[in-house]
>>> print(open('work.cif').read())   # mmCIF, C-alpha atoms and all ligand atoms
data_start
#
loop_
_atom_site.group_PDB
_atom_site.id
_atom_site.type_symbol
_atom_site.label_atom_id
_atom_site.label_comp_id
_atom_site.auth_asym_id
_atom_site.auth_seq_id
_atom_site.Cartn_x
_atom_site.Cartn_y
_atom_site.Cartn_z
ATOM 1 C CA MET A 1 -18.769 -284.163 13.287
ATOM 2 C CA VAL A 2 -18.395 -285.755 9.908
ATOM 3 C CA ALA A 3 -19.560 -289.282 9.421
ATOM 4 C CA VAL A 4 -17.927 -291.080 6.549
ATOM 5 C CA ALA A 5 -20.301 -293.456 4.902
ATOM 6 C CA GLU A 6 -19.055 -296.902 4.028
ATOM 7 C CA ARG A 7 -21.114 -297.135 0.908
ATOM 8 C CA ARG A 8 -19.131 -297.428 -2.244
ATOM 9 C CA ARG A 9 -19.941 -295.579 -5.411
ATOM 10 C CA THR A 10 -21.994 -297.557 -7.825
ATOM 11 C CA TYR A 11 -21.484 -295.475 -10.921
ATOM 12 C CA GLN A 12 -18.320 -296.591 -12.641
ATOM 13 C CA ASN A 13 -19.015 -295.597 -16.185
ATOM 14 C CA ARG A 14 -16.764 -292.595 -16.277
ATOM 15 C CA GLN A 15 -15.204 -291.825 -19.586
ATOM 16 C CA GLY A 16 -11.465 -291.771 -19.940
ATOM 17 C CA PRO A 17 -9.568 -288.603 -20.734
ATOM 18 C CA THR A 18 -9.476 -287.298 -24.275
ATOM 19 C CA PRO A 19 -6.143 -287.415 -26.086
ATOM 20 C CA ARG A 20 -3.854 -284.571 -25.230
ATOM 21 C CA GLY A 21 -1.493 -282.627 -27.434
ATOM 22 C CA GLN A 22 -4.150 -280.485 -29.077
ATOM 23 C CA GLN A 23 -3.071 -277.865 -31.556
ATOM 24 C CA GLY A 24 -3.652 -274.406 -30.080
ATOM 25 C CA GLU A 25 -2.805 -270.914 -31.179
ATOM 26 C CA PRO A 26 0.887 -270.050 -31.552
ATOM 27 C CA GLU A 27 2.663 -269.880 -28.181
ATOM 28 C CA GLU A 28 3.677 -266.267 -28.647
ATOM 29 C CA ALA A 29 0.150 -265.019 -29.307
ATOM 30 C CA LYS A 30 -1.198 -267.103 -26.419
ATOM 31 C CA ASP A 31 1.390 -265.685 -24.018
ATOM 32 C CA VAL A 32 0.534 -262.084 -24.848
ATOM 33 C CA SER A 33 -3.215 -262.409 -24.313
ATOM 34 C CA HIS A 34 -2.605 -264.592 -21.299
ATOM 35 C CA ALA A 35 -0.293 -262.054 -19.669
ATOM 36 C CA GLU A 36 -2.739 -259.250 -20.424
ATOM 37 C CA ARG A 37 -5.520 -261.109 -18.758
ATOM 38 C CA VAL A 38 -3.374 -261.948 -15.748
ATOM 39 C CA ARG A 39 -2.924 -258.267 -14.911
ATOM 40 C CA SER A 40 -6.598 -257.827 -14.207
ATOM 41 C CA PHE A 41 -7.171 -260.991 -12.223
ATOM 42 C CA VAL A 42 -6.706 -259.755 -8.689
ATOM 43 C CA LEU A 43 -9.257 -257.367 -7.303
ATOM 44 C CA GLY A 44 -7.807 -254.642 -5.130
ATOM 45 C CA HIS A 45 -4.160 -253.829 -4.729
ATOM 46 C CA SER A 46 -1.347 -256.154 -3.919
ATOM 47 C CA THR A 47 2.246 -255.231 -3.358
ATOM 48 C CA GLN A 48 3.219 -258.643 -4.637
ATOM 49 C CA PRO A 49 3.544 -258.994 -8.394
ATOM 50 C CA VAL A 50 1.249 -261.459 -10.087
ATOM 51 C CA LEU A 51 3.447 -264.088 -11.655
ATOM 52 C CA ASP A 52 2.678 -265.373 -15.092
ATOM 53 C CA ALA A 53 4.091 -268.853 -15.081
ATOM 54 C CA SER A 54 3.227 -269.549 -18.702
ATOM 55 C CA ALA A 55 6.916 -269.483 -19.597
ATOM 56 C CA ASN A 56 7.077 -273.277 -19.541
ATOM 57 C CA ASN A 57 4.574 -273.592 -22.386
ATOM 58 C CA GLY A 58 1.640 -273.833 -20.016
ATOM 59 C CA ALA A 59 2.186 -277.508 -19.260
ATOM 60 C CA GLY A 60 1.040 -279.024 -15.994
ATOM 61 C CA TRP A 61 0.763 -277.535 -12.547
ATOM 62 C CA ASN A 62 3.758 -275.247 -12.976
ATOM 63 C CA GLY A 63 2.136 -273.797 -16.082
ATOM 64 C CA LEU A 64 -0.840 -272.380 -14.192
ATOM 65 C CA THR A 65 -1.109 -268.666 -13.649
ATOM 66 C CA ILE A 66 -0.262 -267.761 -10.069
ATOM 67 C CA VAL A 67 -2.553 -265.306 -8.336
ATOM 68 C CA LYS A 68 -1.840 -263.936 -4.895
ATOM 69 C CA LEU A 69 -4.969 -263.755 -2.767
ATOM 70 C CA ASN A 70 -5.715 -260.672 -0.728
ATOM 71 C CA LYS A 71 -5.592 -261.809 2.919
ATOM 72 C CA ARG A 72 -7.711 -258.943 4.201
ATOM 73 C CA HIS A 73 -10.429 -259.719 1.696
ATOM 74 C CA LEU A 74 -10.339 -263.389 2.710
ATOM 75 C CA ALA A 75 -10.552 -262.469 6.385
ATOM 76 C CA ARG A 76 -13.670 -260.370 5.669
ATOM 77 C CA GLN A 77 -15.166 -263.430 3.952
ATOM 78 C CA ARG A 78 -14.166 -265.585 6.958
ATOM 79 C CA ILE A 79 -11.859 -267.699 4.840
ATOM 80 C CA LEU A 80 -9.041 -268.999 6.994
ATOM 81 C CA THR A 81 -5.578 -268.945 5.486
ATOM 82 C CA GLY A 82 -2.002 -269.275 6.571
ATOM 83 C CA ALA A 83 -0.338 -271.508 9.074
ATOM 84 C CA LYS A 84 -1.804 -269.803 12.159
ATOM 85 C CA ARG A 85 -4.057 -272.245 13.944
ATOM 86 C CA SER A 86 -7.418 -271.577 15.559
ATOM 87 C CA ALA A 87 -10.409 -273.616 16.674
ATOM 88 C CA ALA A 88 -12.054 -272.909 13.319
ATOM 89 C CA SER A 89 -9.013 -273.878 11.243
ATOM 90 C CA ASP A 90 -8.634 -277.042 13.331
ATOM 91 C CA THR A 91 -12.242 -277.899 12.508
ATOM 92 C CA PHE A 92 -11.604 -277.586 8.791
ATOM 93 C CA ASP A 93 -8.333 -279.504 9.112
ATOM 94 C CA THR A 94 -10.222 -282.359 10.796
ATOM 95 C CA LEU A 95 -12.806 -282.317 8.027
ATOM 96 C CA ARG A 96 -10.025 -282.307 5.438
ATOM 97 C CA ALA A 97 -8.217 -285.216 7.120
ATOM 98 C CA ARG A 98 -11.392 -287.318 7.157
ATOM 99 C CA MET A 99 -12.198 -286.455 3.571
ATOM 100 C CA ILE A 100 -8.684 -287.272 2.343
ATOM 101 C CA LYS A 101 -8.661 -290.565 4.242
ATOM 102 C CA ALA A 102 -11.968 -291.579 2.664
ATOM 103 C CA LEU A 103 -10.711 -290.578 -0.784
ATOM 104 C CA ARG A 104 -7.445 -292.464 -0.393
ATOM 105 C CA ASP A 105 -9.091 -295.562 1.111
ATOM 106 C CA ASN A 106 -11.394 -295.800 -1.880
ATOM 107 C CA GLY A 107 -9.213 -294.476 -4.681
ATOM 108 C CA TRP A 108 -11.504 -291.477 -5.161
ATOM 109 C CA SER A 109 -10.675 -287.890 -6.006
ATOM 110 C CA ARG A 110 -13.823 -285.931 -6.926
ATOM 111 C CA VAL A 111 -16.097 -284.485 -4.256
ATOM 112 C CA ALA A 112 -19.267 -282.462 -4.825
ATOM 113 C CA ILE A 113 -20.193 -280.034 -2.046
ATOM 114 C CA THR A 114 -23.893 -279.307 -1.826
ATOM 115 C CA SER A 115 -26.702 -278.652 0.647
ATOM 116 C CA PRO A 116 -30.445 -279.291 0.703
ATOM 117 C CA THR A 117 -31.429 -275.638 0.218
ATOM 118 C CA LYS A 118 -29.617 -272.402 -0.549
ATOM 119 C CA GLY A 119 -27.520 -270.324 1.808
ATOM 120 C CA CYS A 120 -26.347 -273.176 4.070
ATOM 121 C CA GLY A 121 -22.682 -272.278 3.627
ATOM 122 C CA LYS A 122 -21.553 -274.459 0.728
ATOM 123 C CA THR A 123 -19.211 -271.880 -0.777
ATOM 124 C CA PHE A 124 -17.912 -270.922 2.667
ATOM 125 C CA THR A 125 -17.228 -274.586 3.458
ATOM 126 C CA ALA A 126 -15.743 -275.344 0.033
ATOM 127 C CA ALA A 127 -13.366 -272.358 0.209
ATOM 128 C CA ASN A 128 -12.277 -273.101 3.773
ATOM 129 C CA LEU A 129 -11.867 -276.795 3.053
ATOM 130 C CA ALA A 130 -9.770 -275.959 -0.004
ATOM 131 C CA MET A 131 -7.606 -273.633 2.084
ATOM 132 C CA SER A 132 -7.216 -276.390 4.627
ATOM 133 C CA CYS A 133 -6.089 -278.713 1.827
ATOM 134 C CA ALA A 134 -3.591 -276.030 0.814
ATOM 135 C CA ARG A 135 -2.146 -276.140 4.343
ATOM 136 C CA GLN A 136 -1.285 -279.799 3.876
ATOM 137 C CA THR A 137 2.147 -280.179 2.347
ATOM 138 C CA GLY A 138 2.277 -282.687 -0.471
ATOM 139 C CA LEU A 139 -1.459 -282.549 -1.166
ATOM 140 C CA ARG A 140 -2.517 -280.987 -4.456
ATOM 141 C CA SER A 141 -6.102 -279.722 -4.744
ATOM 142 C CA VAL A 142 -8.397 -278.105 -7.271
ATOM 143 C CA LEU A 143 -11.664 -276.330 -6.434
ATOM 144 C CA PHE A 144 -14.270 -275.717 -9.151
ATOM 145 C CA ASP A 145 -17.114 -273.235 -8.907
ATOM 146 C CA MET A 146 -19.756 -275.528 -10.352
ATOM 147 C CA ASP A 147 -22.686 -273.456 -9.076
ATOM 148 C CA PHE A 148 -23.996 -271.981 -12.303
ATOM 149 C CA ARG A 149 -27.104 -270.756 -10.491
ATOM 150 C CA ASN A 150 -25.189 -268.516 -8.147
ATOM 151 C CA PRO A 151 -21.433 -268.523 -8.807
ATOM 152 C CA LYS A 152 -19.880 -266.801 -5.823
ATOM 153 C CA LEU A 153 -16.504 -268.392 -5.301
ATOM 154 C CA ALA A 154 -14.634 -265.722 -7.272
ATOM 155 C CA GLY A 155 -16.149 -262.977 -5.143
ATOM 156 C CA VAL A 156 -15.389 -264.858 -1.941
ATOM 157 C CA LEU A 157 -11.760 -265.316 -2.970
ATOM 158 C CA GLY A 158 -11.521 -261.785 -4.397
ATOM 159 C CA VAL A 159 -10.332 -262.945 -7.785
ATOM 160 C CA ARG A 160 -11.693 -262.040 -11.200
ATOM 161 C CA PRO A 161 -12.353 -265.142 -13.334
ATOM 162 C CA PRO A 162 -10.300 -265.305 -16.532
ATOM 163 C CA GLY A 163 -13.269 -265.862 -18.854
ATOM 164 C CA PRO A 164 -16.484 -267.764 -19.559
ATOM 165 C CA PHE A 165 -16.382 -270.979 -17.592
ATOM 166 C CA GLY A 166 -18.576 -272.822 -20.087
ATOM 167 C CA GLU A 167 -15.935 -272.370 -22.771
ATOM 168 C CA TYR A 168 -13.420 -274.115 -20.578
ATOM 169 C CA LEU A 169 -15.785 -276.968 -19.784
ATOM 170 C CA TYR A 170 -16.678 -277.321 -23.446
ATOM 171 C CA ASP A 171 -12.951 -277.804 -24.045
ATOM 172 C CA ILE A 172 -12.554 -274.590 -26.008
ATOM 173 C CA GLU A 173 -9.898 -273.304 -23.609
ATOM 174 C CA PRO A 174 -7.024 -275.314 -22.052
ATOM 175 C CA PRO A 175 -6.753 -275.681 -18.236
ATOM 176 C CA GLU A 176 -3.838 -273.278 -17.986
ATOM 177 C CA ALA A 177 -6.018 -270.564 -19.510
ATOM 178 C CA HIS A 178 -8.719 -271.005 -16.929
ATOM 179 C CA LEU A 179 -7.364 -272.449 -13.720
ATOM 180 C CA LEU A 180 -5.603 -270.112 -11.326
ATOM 181 C CA ARG A 181 -3.061 -271.243 -8.794
ATOM 182 C CA VAL A 182 -3.984 -269.324 -5.653
ATOM 183 C CA GLU A 183 -1.777 -271.249 -3.238
ATOM 184 C CA ASP A 184 1.302 -273.317 -3.883
ATOM 185 C CA ASN A 185 -0.743 -276.522 -4.036
ATOM 186 C CA LEU A 186 -4.276 -275.206 -4.656
ATOM 187 C CA ALA A 187 -5.810 -274.171 -7.985
ATOM 188 C CA VAL A 188 -9.308 -272.814 -8.582
ATOM 189 C CA ALA A 189 -11.608 -272.763 -11.598
ATOM 190 C CA LEU A 190 -13.883 -269.748 -11.290
ATOM 191 C CA ASN A 191 -17.036 -268.714 -13.049
ATOM 192 C CA ASP A 192 -17.927 -265.191 -14.067
ATOM 193 C CA ARG A 193 -21.589 -265.612 -14.994
ATOM 194 C CA ALA A 194 -24.718 -267.441 -13.946
ATOM 195 C CA MET A 195 -26.574 -269.701 -16.337
ATOM 196 C CA ALA A 196 -30.348 -270.207 -16.303
ATOM 197 C CA GLU A 197 -30.282 -273.839 -17.424
ATOM 198 C CA PRO A 198 -26.890 -275.479 -16.925
ATOM 199 C CA SER A 199 -28.131 -279.100 -17.177
ATOM 200 C CA ASP A 200 -26.913 -279.596 -20.743
ATOM 201 C CA LEU A 201 -23.443 -278.339 -19.839
ATOM 202 C CA LEU A 202 -23.254 -280.466 -16.685
ATOM 203 C CA ALA A 203 -24.413 -283.566 -18.535
ATOM 204 C CA ASP A 204 -22.268 -282.988 -21.626
ATOM 205 C CA ASP A 205 -19.535 -285.549 -22.277
ATOM 206 C CA ARG A 206 -17.160 -282.697 -23.036
ATOM 207 C CA THR A 207 -17.479 -281.530 -19.427
ATOM 208 C CA GLU A 208 -16.413 -284.971 -18.240
ATOM 209 C CA ALA A 209 -13.587 -285.069 -20.776
ATOM 210 C CA THR A 210 -12.359 -281.612 -19.727
ATOM 211 C CA ILE A 211 -12.283 -282.544 -16.052
ATOM 212 C CA ALA A 212 -10.513 -285.810 -16.853
ATOM 213 C CA LYS A 213 -8.015 -283.953 -19.017
ATOM 214 C CA MET A 214 -7.409 -281.444 -16.238
ATOM 215 C CA GLN A 215 -6.759 -284.329 -13.833
ATOM 216 C CA GLU A 216 -4.360 -285.928 -16.253
ATOM 217 C CA ALA A 217 -2.478 -282.676 -16.776
ATOM 218 C CA LEU A 218 -2.409 -281.415 -13.181
ATOM 219 C CA THR A 219 -2.589 -284.695 -11.198
ATOM 220 C CA PRO A 220 -4.507 -283.267 -8.218
ATOM 221 C CA ASP A 221 -5.162 -285.517 -5.214
ATOM 222 C CA VAL A 222 -8.567 -283.979 -4.681
ATOM 223 C CA VAL A 223 -10.993 -282.097 -6.925
ATOM 224 C CA MET A 224 -13.822 -280.300 -5.135
ATOM 225 C CA PHE A 225 -16.945 -278.865 -6.782
ATOM 226 C CA ASP A 226 -18.947 -276.088 -5.129
ATOM 227 C CA MET A 227 -22.479 -276.896 -6.326
ATOM 228 C CA PRO A 228 -26.032 -275.502 -6.073
ATOM 229 C CA PRO A 229 -28.529 -276.728 -3.461
ATOM 230 C CA MET A 230 -29.650 -280.246 -4.228
ATOM 231 C CA LEU A 231 -33.355 -280.007 -3.452
ATOM 232 C CA GLN A 232 -33.926 -276.817 -5.418
ATOM 233 C CA PHE A 233 -32.262 -277.674 -8.722
ATOM 234 C CA GLU A 234 -31.572 -280.768 -10.808
ATOM 235 C CA ASP A 235 -27.929 -279.742 -11.304
ATOM 236 C CA VAL A 236 -26.335 -281.903 -8.614
ATOM 237 C CA ARG A 237 -28.330 -284.954 -9.651
ATOM 238 C CA THR A 238 -27.273 -284.346 -13.256
ATOM 239 C CA PHE A 239 -23.642 -284.063 -12.186
ATOM 240 C CA LEU A 240 -23.594 -287.048 -9.789
ATOM 241 C CA PRO A 241 -22.189 -289.481 -12.385
ATOM 242 C CA ARG A 242 -19.124 -287.227 -12.581
ATOM 243 C CA VAL A 243 -18.172 -287.398 -8.885
ATOM 244 C CA ASP A 244 -16.933 -290.042 -6.475
ATOM 245 C CA ALA A 245 -18.560 -288.732 -3.306
ATOM 246 C CA VAL A 246 -20.747 -285.951 -1.939
ATOM 247 C CA LEU A 247 -20.290 -283.721 1.090
ATOM 248 C CA VAL A 248 -23.522 -282.177 2.324
ATOM 249 C CA VAL A 249 -23.528 -278.870 4.199
ATOM 250 C CA SER A 250 -26.410 -278.495 6.598
ATOM 251 C CA GLY A 251 -27.385 -274.990 7.693
ATOM 252 C CA GLY A 252 -27.541 -275.283 11.476
ATOM 253 C CA LYS A 253 -30.558 -273.053 11.954
ATOM 254 C CA THR A 254 -32.313 -273.668 8.676
ATOM 255 C CA THR A 255 -31.908 -277.240 7.474
ATOM 256 C CA LYS A 256 -34.579 -279.687 8.592
ATOM 257 C CA ALA A 257 -33.863 -283.335 9.363
ATOM 258 C CA GLU A 258 -36.314 -284.379 6.667
ATOM 259 C CA GLU A 259 -34.355 -282.353 4.094
ATOM 260 C CA ILE A 260 -31.169 -284.241 4.964
ATOM 261 C CA ARG A 261 -33.096 -287.506 4.680
ATOM 262 C CA GLU A 262 -34.359 -286.428 1.261
ATOM 263 C CA VAL A 263 -30.804 -285.680 0.114
ATOM 264 C CA GLU A 264 -29.673 -289.085 1.407
ATOM 265 C CA ARG A 265 -32.525 -290.723 -0.454
ATOM 266 C CA LEU A 266 -31.545 -288.988 -3.702
ATOM 267 C CA LEU A 267 -27.927 -290.087 -3.304
ATOM 268 C CA ASP A 268 -28.686 -293.627 -2.222
ATOM 269 C CA GLY A 269 -27.350 -296.206 -4.650
ATOM 270 C CA LYS A 270 -25.765 -293.525 -6.809
ATOM 271 C CA VAL A 271 -22.872 -291.811 -5.052
ATOM 272 C CA PRO A 272 -21.592 -292.242 -1.468
ATOM 273 C CA LEU A 273 -22.343 -289.568 1.062
ATOM 274 C CA LEU A 274 -18.979 -288.579 2.506
ATOM 275 C CA GLY A 275 -20.532 -286.776 5.434
ATOM 276 C CA VAL A 276 -22.908 -284.085 6.631
ATOM 277 C CA VAL A 277 -21.281 -280.895 7.867
ATOM 278 C CA LEU A 278 -23.296 -278.981 10.431
ATOM 279 C CA ASN A 279 -22.538 -275.389 9.560
ATOM 280 C CA MET A 280 -23.653 -272.214 11.301
ATOM 281 C CA ALA A 281 -24.787 -274.136 14.345
ATOM 282 C CA GLU A 282 -24.847 -270.853 16.269
ATOM 283 C CA GLY A 283 -25.908 -268.588 13.424
ATOM 284 C CA VAL A 284 -23.685 -266.530 11.139
ATOM 285 C CA SER A 285 -22.960 -263.718 13.553
ATOM 286 C CA GLY A 286 -21.048 -265.735 16.123
ATOM 287 C CA LYS A 287 -17.352 -266.273 15.583
ATOM 288 C CA LYS A 288 -17.816 -269.863 16.649
ATOM 289 C CA GLY A 289 -20.452 -270.403 14.002
ATOM 290 C CA VAL A 290 -18.375 -272.948 12.182
ATOM 291 C CA TYR A 291 -19.971 -276.323 12.702
HETATM 292 N N1 LIG A 301 -19.977 -270.909 9.585
HETATM 293 C C1 LIG A 301 -20.168 -269.666 9.178
HETATM 294 N N2 LIG A 301 -19.821 -268.643 9.963
HETATM 295 C C2 LIG A 301 -20.030 -267.400 9.554
HETATM 296 N N3 LIG A 301 -20.572 -267.046 8.378
HETATM 297 C C3 LIG A 301 -20.934 -268.019 7.555
HETATM 298 C C4 LIG A 301 -20.735 -269.378 7.898
HETATM 299 N N4 LIG A 301 -21.182 -270.121 6.869
HETATM 300 C C5 LIG A 301 -21.624 -269.281 5.929
HETATM 301 N N5 LIG A 301 -21.484 -268.005 6.343
HETATM 302 C C6 LIG A 301 -21.921 -266.825 5.606
HETATM 303 O O1 LIG A 301 -23.271 -267.053 5.204
HETATM 304 C C7 LIG A 301 -23.496 -266.555 3.904
HETATM 305 C C8 LIG A 301 -23.975 -267.702 2.991
HETATM 306 O O2 LIG A 301 -22.906 -268.633 2.882
HETATM 307 P P1 LIG A 301 -22.532 -269.283 1.473
HETATM 308 O O3 LIG A 301 -22.550 -268.286 0.382
HETATM 309 O O4 LIG A 301 -21.287 -270.059 1.684
HETATM 310 O O5 LIG A 301 -23.774 -270.252 1.312
HETATM 311 P P2 LIG A 301 -24.136 -271.138 0.052
HETATM 312 O O6 LIG A 301 -24.757 -272.381 0.594
HETATM 313 O O7 LIG A 301 -22.969 -271.291 -0.820
HETATM 314 O O8 LIG A 301 -25.237 -270.232 -0.636
HETATM 315 P P3 LIG A 301 -25.862 -270.417 -2.103
HETATM 316 O O9 LIG A 301 -26.891 -271.513 -1.978
HETATM 317 O O10 LIG A 301 -26.480 -269.094 -2.395
HETATM 318 O O11 LIG A 301 -24.739 -270.780 -3.022
HETATM 319 C C9 LIG A 301 -22.183 -265.937 3.447
HETATM 320 O O12 LIG A 301 -22.216 -264.561 3.718
HETATM 321 C C10 LIG A 301 -21.136 -266.617 4.321
HETATM 322 O O13 LIG A 301 -19.987 -265.818 4.538
HETATM 323 MG MG MG A 302 -22.668 -270.920 -2.849
#
>>> encode(input="work.cif", output="structure tokens", more="lines below")
Ligand SMILES: Nc1ncnc2c1ncn2[C@@H]1O[C@H](COP(=O)(O)OP(=O)(O)OP(=O)(O)O)[C@@H](O)[C@H]1O
Ligand SMILES: [Mg+2]
Amino acid sequence: MVAVAERRRTYQNRQGPTPRGQQGEPEEAKDVSHAERVRSFVLGHSTQPVLDASANNGAGWNGLTIVKLNKRHLARQRILTGAKRSAASDTFDTLRARMIKALRDNGWSRVAITSPTKGCGKTFTAANLAMSCARQTGLRSVLFDMDFRNPKLAGVLGVRPPGPFGEYLYDIEPPEAHLLRVEDNLAVALNDRAMAEPSDLLADDRTEATIAKMQEALTPDVVMFDMPPMLQFEDVRTFLPRVDAVLVVSGGKTTKAEEIREVERLLDGKVPLLGVVLNMAEGVSGKKGVY
């Protein structure tokens, strides 16, 4: 199902993290605005209170705001959660196991998820893969909505993003102000607005520094990026130097073999192709349409 390429990444010029310990606003003022924002994060009603874990000064994983996802909303979006197993969840768990093995074998952590053209199921795959990672005890994961053309992860998860994503990437906001912990060991960085020309932001050194700083602060095992389609926009190619590997989602009924070859050609010599996921092999209406 998922072939793991042996090729190693050639780009090794990643910048190191920027120094931490920045001076922010006073803790008290930060806590108030933070708590206010937390109240409006979850769309719909939840009987569970939303926990604001900023009490420990916002440091590290335990400083992230906890948001409880609405299971019914996720089910409508076909995002598989919980411990209950099914053929579909097993498929994502297999994909996760192969991805994690490849990452560990090579000392990698960052994976871009893209497709040749739009609508192949990148966000669907990224969200389900992230949930599968969350099912694995002892594995800590972060999922970024890096699709500035069509940011849909927040809607799929049913969570309102805390603020402009660009401000976080430009290092104006700290990780704990932007990342939400939606499962015990899964955090997401969501985007609330599209951008017509995100190349400058994706290429900016501050974006790299922010991601590196997030990794230093939160120590995730895997960082996944839900990205735009590779053949339609330059964004993925611009962002390639920032990732260790790429997972390509192929739309079963729509993606042509030559489009996959074109994606492989664009990646060749730059970043390893982790695998090609055949999604929607039976169309989107069938319950077995996963892979
Ligand atoms: N395997 C699947 N089974 C059922 N529905 C699916 C499957 N994959 C994707 N879908 C549905 O197809 C639609 C498009 O999927 P998705 O938004 O994940 O694609 P995308 O590649 O991220 O699109 P875009 O290029 O616009 O970002 C969504 O409604 C999603 O729920
Ligand atoms: Mg998408």
>>> resolve_selection(input="work.cif", expression="the PyMOL selection byres (((not hetatm)) within 6 of (chain A and resi 301))", output="VMD selection string")
chain A and resid 77 118 to 124 150 228 to 229 279 to 280 284 289 to 290
>>> resolve_selection(input="work.cif", expression="the PyMOL selection byres (((chain A and resi 154) around 9) and not hetatm)", output="PyMOL selection string")
chain A and resi 145+151-153+155-161+188-192
>>> resolve_selection(input="work.cif", expression="the PyMOL selection byres (((chain A and resi 67-70) around 6) and not hetatm)", output="ChimeraX atom specification")
/A:50,66,71-73,181-182
>>> closest_residue(input="work.cif", among="A:Ser115, A:Ser250, A:Thr91, A:Asn128", to="ligand MG 302 (chain A)", atoms="all atoms listed in the file")
A:Ser115
>>> atom_distance(input="work.cif", atom1="atom CA of A:Ala134", atom2="atom CA of A:Gly82")
9.0 Å
>>> residues_near_point(input="work.cif", point="(2.5, -280.7, -3.2)", cutoff="12 Å", atoms="all atoms listed in the file", output="compact mmCIF listing (two decimals) with C-alpha atoms, in the coordinates of the input")
# COMPACT_ATOMS: atom_id res chain seq x y z
CA TRP A 61 0.76 -277.54 -12.55
CA ASN A 62 3.76 -275.25 -12.98
CA CYS A 133 -6.09 -278.71 1.83
CA ALA A 134 -3.59 -276.03 0.81
CA ARG A 135 -2.15 -276.14 4.34
CA GLN A 136 -1.28 -279.80 3.88
CA THR A 137 2.15 -280.18 2.35
CA GLY A 138 2.28 -282.69 -0.47
CA LEU A 139 -1.46 -282.55 -1.17
CA ARG A 140 -2.52 -280.99 -4.46
CA SER A 141 -6.10 -279.72 -4.74
CA VAL A 142 -8.40 -278.10 -7.27
CA GLU A 183 -1.78 -271.25 -3.24
CA ASP A 184 1.30 -273.32 -3.88
CA ASN A 185 -0.74 -276.52 -4.04
CA LEU A 186 -4.28 -275.21 -4.66
CA ALA A 187 -5.81 -274.17 -7.98
CA LEU A 218 -2.41 -281.42 -13.18
CA THR A 219 -2.59 -284.70 -11.20
CA PRO A 220 -4.51 -283.27 -8.22
CA ASP A 221 -5.16 -285.52 -5.21
CA VAL A 222 -8.57 -283.98 -4.68
>>> closest_residue(input="work.cif", among="A:Ile172, A:Ala194, A:Met131, A:Leu179", to="ligand MG 302 (chain A)", atoms="all atoms listed in the file")
A:Ala194
>>> atom_distance(input="work.cif", atom1="atom CA of A:Arg110", atom2="atom CA of A:Glu167")
21.0 Å
>>> closest_residue(input="work.cif", among="A:Val249, A:Ile260, A:Ala130, A:Leu278", to="ligand MG 302 (chain A)", atoms="all atoms listed in the file")
A:Val249
>>> atom_distance(input="work.cif", atom1="atom CA of A:Phe92", atom2="atom CA of A:His178")
26.7 Å
